[in-house]
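A quick write-up on the structure given underneath.
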Amino acid sequence: MMQATDASNLLLSEEYASSLVYSQKRREEIKPRPSHDEGAFTLRPYQAEAVQNLRAALVRKVLRLMLNSPTGSGKTEVGMALVKGARAKHRRVAFLCNRVHLVEQTSRRFTKAGISHGIIQGENTTRVYEPVLVASIQTVAKRGLPAVDVILIDEAHTVAGSAEYRAVIIEAAARNVPVIGLSATPYAKGLGKHYDELAGALFQEMIVAATIPELIEGGFLVDCDVYAPSEPDMSGIKQARNAFGDMDYTDADVGRAADKPELVGDIVTHWQRLAAGTATVCFAANIAHSKHIIESFQAAGVSAEHIDCYTSPEDRRAILGRIETGETLIVSNVGILAEGWDFPACRTLILARPTRSLIRYIQMAGRVLRPHASKVRALILDHSGTVSRLGFPTDEFPLELDDGTPKPASSTTDDAAREAALPKACPTCAYVTTAHKCPICGHARVKKSGVEVQAGELVLVQKKQKPTKIDKQAFYSQLISVATKKGYQAGWISNQYRNYFGVWPKGLDQTPAEPTAEFFGYMKHLQIRFAKAKGASHAND
């Protein structure tokens with residue numbers, strides 16, 4: 001059973017938690033070890049700030065916290081800092097993982113950092129008396145969790161869809177034990193949903209360590225070049241809610257669209273032209289598709305290997321070891337490497353699995369955004385149409401927890417603005433851009449009633465110039481002015497802002513500003529677009 005404790009005192013108080021349920025024999029073993037066992041390490045500025053913000057929230061009696069720290073930003077380092085802080089105050093910690101290989105990886109990272117720990121994971125369970133426990137949620141669900149004072153959950157976006165995790169959190173809340181979730185993609189439905197058993201939200205507050213654009217600007221992540229072909233034909237492909245609560249293409253059906261000889265051959269051809277010789281990870285639609293991709297690469301004389309959930313731990317370690325040494329250039333999988341795999345030298349991503357899930361997309365793209373001496377920018381070869389469907393993986397994304405309530409249906413104007421903001425191929429030169437006017441050939445895009453799909457080369461996707469904070473504030477202030485005069489609700493302001501910039505407003509001043517001629521021109525443009533769309537709809541009735 002877990003131990004009741006004072007959450008606000010968890011990482012700050014110097015008092016010894018005398019009520020910890022350990023045997024007297026083990027009390028000395030769980031006291032802080034010498035410096036060589038729990039040595040200090042340096043946090044980056046945004047990591048240190050995140051730790052302080054988490055501690056401040058605990059002081060405010062917030063029991064369930066989510067840390068949003070993008071892939072490659074070092075959220076495990078933040079987790080280890082929290083563990084060491086708790087141990088310095090004589091607290092016992094459980095670090096929960098949802099995959100066996102993440103338990104193994106976390107254990108290796110803890111050992112390297114000098115954090116003495118035990119493991120709770122099936123037949124590998126050992127040293128359960130240790131003050132820090134790295135545990136598999138599946139094993140904890142079957143055997144229970146020993147007395148602890150704080151729980152950290154890795155890849156915490158999976159919590160909302162997991163009855164096992166919810167049970168642990170409900171028990172923790174009953175005993176006043178704080179829970180801190182760590183996730184690069186906390187966008188899952190229901191992470192902020194109210195539960196009567198918790199007398200509040202599943203996660204009550206989210207601490208944002210940094211955003212992807214901020215990390216790229218600071219040199220902690222690399223930007224990427226994206227090449228994309230025409231979208232595969234996804235018509236008739238079924239969708240269902242995945243483990244994150246997103247509507248996404250089903251694994252069984254998505255293979256029908258992607259696993260075709262001509263498409264697989266196209267993957268090999270474009271890799272040889274654009275990424276030959278680079279360490280590459282490929283995400284495929286299903287196991288058969290992944291194996292077909294690997295077979296095609298091998299037939300072309302490229303060293304490539306497949307990995308899946310049926311690959312033994314020993315073989316998996318050997319395969320990943322070979323790509324790290326350069327013996328293997330390409331490793332292909334369905335999703336097992338989307339979480340927790342850390343290989344900064346990996347430069348190229350082959351995105352061969354069409355998806356509508358923002359979580360799945362960002363997790364996959366994050367594998368190549370880590371900086372490394374061997375690369376200046378990452379390279380994404382999108383054979384799935386995902387970039388044109390969800391935008392660039394280096395954009396800003398939602399910075400609030402989903403409370404599980406149904407979102408209002410978007411208007412035709414909202415849909416049109418969102419569609420216009422996504423990258424598309426120029427019909428004249430095939431250069432992909434979000435700009436209305438092609439920067440290569442100067443062609444001004446004309447709206448068509450349908451989507452024309454044609455075979456062609458992968459083409460470079462270009463991002464628009466990033467708007468400044470001043471630009472965002474000016475637009476937001478003008479929206480406030482219009483909303484005040486027209487009597488619109490705050491939701492209208494947020495939606496219009498997101499349609500224009502692709503992200504929700506954050507940290508902006510609430511002062512209104514007189515709209516400019518350019519602003520009125522944009523709003524008129526939306527009204528005309530809405531009227532045309534409405535007219536076309538009536539014409540088809």
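Ligands are numbered from 1 in the order shown, residues from 1 within each chain, and chains are lettered A, B, ... in the order they appear in the structure tokens.
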Once you count only C-alpha atoms, what closest atom pair and distance in Å to one decimal does each residue of region 328-374 of chain A within 8 Å of region 178-201 of chain A have, with rows by chain and rising residue number, as JSON lines?
```
{"residue": "A:Leu358", "atom": "CA", "partner": "A:Tyr187", "partner_atom": "CA", "distance": 7.7}
{"residue": "A:Ile359", "atom": "CA", "partner": "A:Thr185", "partner_atom": "CA", "distance": 5.6}
{"residue": "A:Ile362", "atom": "CA", "partner": "A:Thr185", "partner_atom": "CA", "distance": 7.2}
{"residue": "A:Gln363", "atom": "CA", "partner": "A:Thr185", "partner_atom": "CA", "distance": 7.3}
```
Take the selection from the previous step and output its residues with N, CA, C and O atoms, as a PDB file, in the first residue's frame.
```pdb
ATOM      1  N   LEU A 358      -2.293  13.574 -33.583  1.00  0.00           N
ATOM      2  CA  LEU A 358      -1.218  14.519 -33.327  1.00  0.00           C
ATOM      3  C   LEU A 358      -0.172  13.907 -32.405  1.00  0.00           C
ATOM      4  O   LEU A 358       1.036  14.111 -32.591  1.00  0.00           O
ATOM      5  N   ILE A 359      -0.606  13.132 -31.407  1.00  0.00           N
ATOM      6  CA  ILE A 359       0.325  12.502 -30.476  1.00  0.00           C
ATOM      7  C   ILE A 359       1.252  11.536 -31.219  1.00  0.00           C
ATOM      8  O   ILE A 359       2.474  11.580 -31.072  1.00  0.00           O
ATOM      9  N   ILE A 362       3.752  13.574 -33.562  1.00  0.00           N
ATOM     10  CA  ILE A 362       4.833  14.301 -32.900  1.00  0.00           C
ATOM     11  C   ILE A 362       5.818  13.341 -32.243  1.00  0.00           C
ATOM     12  O   ILE A 362       7.027  13.583 -32.220  1.00  0.00           O
ATOM     13  N   GLN A 363       5.317  12.223 -31.703  1.00  0.00           N
ATOM     14  CA  GLN A 363       6.214  11.235 -31.113  1.00  0.00           C
ATOM     15  C   GLN A 363       7.146  10.656 -32.174  1.00  0.00           C
ATOM     16  O   GLN A 363       8.344  10.472 -31.934  1.00  0.00           O
TER      17      GLN A 363
END
```
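Residues within 8 Å of region 490-497 of chain A, counting only C-alpha atoms and excluding same-chain residues fewer than 5 positions away, are Asp414, Phe475, Tyr476, Leu479, Ile480, Ala483, Gly502, Val503, Trp504 and Pro505 of chain A.
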What would the file look like if the residues just selected were written as a PDB file, in the first residue's frame with C-alpha atoms?
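Output contents, as saved in result-v3.pdb:
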```pdb
ATOM      1  CA  ASP A 414     -12.927  27.903 -39.243  1.00  0.00           C
ATOM      2  CA  PHE A 475      -3.551  40.596 -33.901  1.00  0.00           C
ATOM      3  CA  TYR A 476      -4.910  39.385 -30.557  1.00  0.00           C
ATOM      4  CA  LEU A 479      -9.582  40.582 -32.124  1.00  0.00           C
ATOM      5  CA  ILE A 480     -10.471  41.742 -28.599  1.00  0.00           C
ATOM      6  CA  ALA A 483     -15.276  40.988 -30.135  1.00  0.00           C
ATOM      7  CA  GLY A 502      -2.113  27.751 -35.949  1.00  0.00           C
ATOM      8  CA  VAL A 503      -1.733  27.817 -32.136  1.00  0.00           C
ATOM      9  CA  TRP A 504      -3.857  28.872 -29.187  1.00  0.00           C
ATOM     10  CA  PRO A 505      -3.147  32.281 -27.614  1.00  0.00           C
TER      11      PRO A 505
END
```
Once you count only C-alpha atoms, what closest atom pair and distance in Å to one decimal does each residue of region 248-309 of chain A within 9 Å of region 371-390 of chain A have, with rows by chain and rising residue number, as JSON lines?
```
{"residue": "A:Ala258", "atom": "CA", "partner": "A:Ser384", "partner_atom": "CA", "distance": 7.7}
{"residue": "A:Leu263", "atom": "CA", "partner": "A:His383", "partner_atom": "CA", "distance": 8.2}
{"residue": "A:Asp266", "atom": "CA", "partner": "A:His383", "partner_atom": "CA", "distance": 8.7}
{"residue": "A:Ile267", "atom": "CA", "partner": "A:His383", "partner_atom": "CA", "distance": 7.2}
{"residue": "A:His270", "atom": "CA", "partner": "A:Leu381", "partner_atom": "CA", "distance": 8.1}
{"residue": "A:Trp271", "atom": "CA", "partner": "A:Leu381", "partner_atom": "CA", "distance": 7.7}
{"residue": "A:Leu274", "atom": "CA", "partner": "A:Leu381", "partner_atom": "CA", "distance": 8.7}
{"residue": "A:Ala275", "atom": "CA", "partner": "A:Leu379", "partner_atom": "CA", "distance": 7.8}
```
I want to know what sits within 8 Å of Asp223 (chain A), based on only C-alpha atoms, with residues of the same chain fewer than 2 positions away left out; could you give that as a count of residues only? 7
According to DSSP computed on the backbone, where in region 65-159 of chain A is there helix (DSSP H, G or I)? Give the residues as a ChimeraX atom specification. /A:75-88,100-112,122-124,137-143,156-158
Could you turn the residues from that selection into a file that holds N, CA and C atoms, as a compact mmCIF listing (two decimals), in the first residue's frame?
```
# COMPACT_ATOMS: atom_id res chain seq x y z
N LYS A 75 13.21 15.46 -20.68
CA LYS A 75 12.25 15.31 -19.59
C LYS A 75 12.70 14.24 -18.60
N THR A 76 13.48 13.27 -19.05
CA THR A 76 14.00 12.28 -18.11
C THR A 76 14.97 12.94 -17.13
N GLU A 77 15.75 13.92 -17.62
CA GLU A 77 16.64 14.65 -16.73
C GLU A 77 15.85 15.41 -15.67
N VAL A 78 14.73 16.00 -16.08
CA VAL A 78 13.87 16.67 -15.11
C VAL A 78 13.35 15.66 -14.10
N GLY A 79 12.94 14.49 -14.61
CA GLY A 79 12.46 13.43 -13.72
C GLY A 79 13.53 13.01 -12.73
N MET A 80 14.77 12.87 -13.21
CA MET A 80 15.85 12.47 -12.30
C MET A 80 16.14 13.56 -11.28
N ALA A 81 16.02 14.82 -11.67
CA ALA A 81 16.21 15.91 -10.71
C ALA A 81 15.15 15.85 -9.61
N LEU A 82 13.91 15.52 -9.99
CA LEU A 82 12.85 15.37 -9.00
C LEU A 82 13.13 14.19 -8.07
N VAL A 83 13.62 13.10 -8.65
CA VAL A 83 13.95 11.92 -7.84
C VAL A 83 15.04 12.26 -6.84
N LYS A 84 16.09 12.93 -7.32
CA LYS A 84 17.20 13.26 -6.42
C LYS A 84 16.77 14.24 -5.34
N GLY A 85 15.90 15.18 -5.72
CA GLY A 85 15.39 16.11 -4.74
C GLY A 85 14.58 15.42 -3.66
N ALA A 86 13.78 14.45 -4.07
CA ALA A 86 12.98 13.70 -3.10
C ALA A 86 13.87 12.85 -2.20
N ARG A 87 14.89 12.25 -2.78
CA ARG A 87 15.79 11.41 -1.98
C ARG A 87 16.59 12.24 -0.98
N ALA A 88 16.93 13.49 -1.37
CA ALA A 88 17.65 14.36 -0.45
C ALA A 88 16.80 14.69 0.77
N VAL A 100 8.11 -2.41 -21.40
CA VAL A 100 9.24 -3.10 -20.80
C VAL A 100 10.55 -2.42 -21.17
N HIS A 101 10.70 -2.05 -22.45
CA HIS A 101 11.98 -1.46 -22.87
C HIS A 101 12.19 -0.08 -22.24
N LEU A 102 11.09 0.60 -21.85
CA LEU A 102 11.25 1.88 -21.16
C LEU A 102 11.70 1.68 -19.73
N VAL A 103 11.27 0.57 -19.11
CA VAL A 103 11.78 0.22 -17.78
C VAL A 103 13.28 -0.01 -17.87
N GLU A 104 13.70 -0.79 -18.86
CA GLU A 104 15.13 -1.08 -19.03
C GLU A 104 15.92 0.19 -19.31
N GLN A 105 15.39 1.05 -20.18
CA GLN A 105 16.10 2.27 -20.54
C GLN A 105 16.20 3.20 -19.34
N THR A 106 15.10 3.37 -18.59
CA THR A 106 15.12 4.24 -17.41
C THR A 106 16.10 3.71 -16.37
N SER A 107 16.13 2.41 -16.19
CA SER A 107 17.06 1.81 -15.24
C SER A 107 18.50 2.13 -15.63
N ARG A 108 18.81 2.04 -16.92
CA ARG A 108 20.17 2.36 -17.37
C ARG A 108 20.49 3.83 -17.11
N ARG A 109 19.52 4.71 -17.40
CA ARG A 109 19.75 6.15 -17.19
C ARG A 109 19.95 6.46 -15.71
N PHE A 110 19.15 5.82 -14.85
CA PHE A 110 19.28 6.05 -13.41
C PHE A 110 20.64 5.56 -12.91
N THR A 111 21.05 4.40 -13.39
CA THR A 111 22.35 3.86 -12.97
C THR A 111 23.48 4.80 -13.38
N LYS A 112 23.41 5.30 -14.61
CA LYS A 112 24.43 6.22 -15.10
C LYS A 112 24.47 7.51 -14.27
N GLY A 122 7.75 -7.86 -13.92
CA GLY A 122 7.68 -9.28 -14.17
C GLY A 122 8.75 -10.08 -13.47
N GLU A 123 9.40 -10.97 -14.21
CA GLU A 123 10.43 -11.82 -13.64
C GLU A 123 11.74 -11.07 -13.39
N ASN A 124 11.82 -9.84 -13.88
CA ASN A 124 13.02 -9.03 -13.67
C ASN A 124 12.97 -8.24 -12.37
N ILE A 137 3.87 -0.51 -15.24
CA ILE A 137 2.50 -0.34 -14.78
C ILE A 137 1.72 -1.66 -14.87
N GLN A 138 2.07 -2.51 -15.82
CA GLN A 138 1.37 -3.79 -15.94
C GLN A 138 1.65 -4.68 -14.73
N THR A 139 2.91 -4.70 -14.27
CA THR A 139 3.25 -5.49 -13.09
C THR A 139 2.65 -4.87 -11.83
N VAL A 140 2.68 -3.55 -11.73
CA VAL A 140 2.08 -2.87 -10.58
C VAL A 140 0.59 -3.16 -10.50
N ALA A 141 -0.08 -3.21 -11.65
CA ALA A 141 -1.51 -3.48 -11.66
C ALA A 141 -1.82 -4.87 -11.11
N LYS A 142 -0.90 -5.81 -11.31
CA LYS A 142 -1.12 -7.18 -10.84
C LYS A 142 -0.67 -7.38 -9.39
N ARG A 143 0.43 -6.74 -9.00
CA ARG A 143 1.04 -7.02 -7.70
C ARG A 143 0.87 -5.90 -6.68
N ALA A 156 3.17 10.06 -19.92
CA ALA A 156 1.91 10.16 -19.18
C ALA A 156 0.71 10.50 -20.05
N HIS A 157 0.90 10.74 -21.34
CA HIS A 157 -0.25 10.93 -22.22
C HIS A 157 -1.06 9.66 -22.35
N THR A 158 -0.48 8.52 -21.95
CA THR A 158 -1.21 7.24 -22.01
C THR A 158 -2.13 7.02 -20.81
```
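Among A:Arg99, A:Lys506, A:Arg370, A:Arg241, the residue with the shortest atom-to-atom distance to Gly340 (chain A), counting only C-alpha atoms, is A:Arg99.
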Would you mind telling me which residue in A:Ala209, A:Leu67, A:Ala174, A:Val93 lies nearest to Pro146 (chain A) when using only C-alpha atoms? A:Val93
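If only C-alpha atoms are the atoms counted, then among A:Pro70, A:Leu58, A:Gln473, A:Gln489 the closest residue to Phe220 (chain A) is A:Pro70.
One finds CA of Ala48 (chain A) at 27.1 Å from CA of Ile470 (chain A).
Nearest to Met247 (chain A) of all the residues A:Asn499, A:Ser357, A:Thr42, A:Thr511 is A:Ser357, based on only C-alpha atoms.
Here CA of Arg367 (chain A) stands at a distance of 22.5 Å from CA of Ala113 (chain A).
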Would you please give, as number ranges by chain, all residues of region 150-184 of chain A that DSSP assigns to strand (DSSP E or B) based on the backbone? A: 150-153, 179-183
Writer output for current selection, C-alpha atoms, as a PDB file, in the first residue's frame:
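Result file follows (again.pdb):
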```
ATOM      1  CA  VAL A 150       5.720  10.400  -4.773  1.00  0.00           C
ATOM      2  CA  ILE A 151       4.890   8.816  -8.118  1.00  0.00           C
ATOM      3  CA  LEU A 152       6.382   9.863 -11.456  1.00  0.00           C
ATOM      4  CA  ILE A 153       4.747   8.566 -14.642  1.00  0.00           C
ATOM      5  CA  VAL A 179       1.633  12.209  -8.936  1.00  0.00           C
ATOM      6  CA  ILE A 180       3.739  13.939 -11.588  1.00  0.00           C
ATOM      7  CA  GLY A 181       3.220  12.929 -15.202  1.00  0.00           C
ATOM      8  CA  LEU A 182       5.984  13.451 -17.776  1.00  0.00           C
ATOM      9  CA  SER A 183       5.020  13.747 -21.438  1.00  0.00           C
TER      10      SER A 183
END
```
Selection: 12 Å around Ala338 (chain A), only C-alpha atoms, excl. self and same-chain fewer than 3 positions, as a ChimeraX atom specification: /A:71,99,101-102,155,184-185,281-284,308,332-335,341-343,349,351,359-368
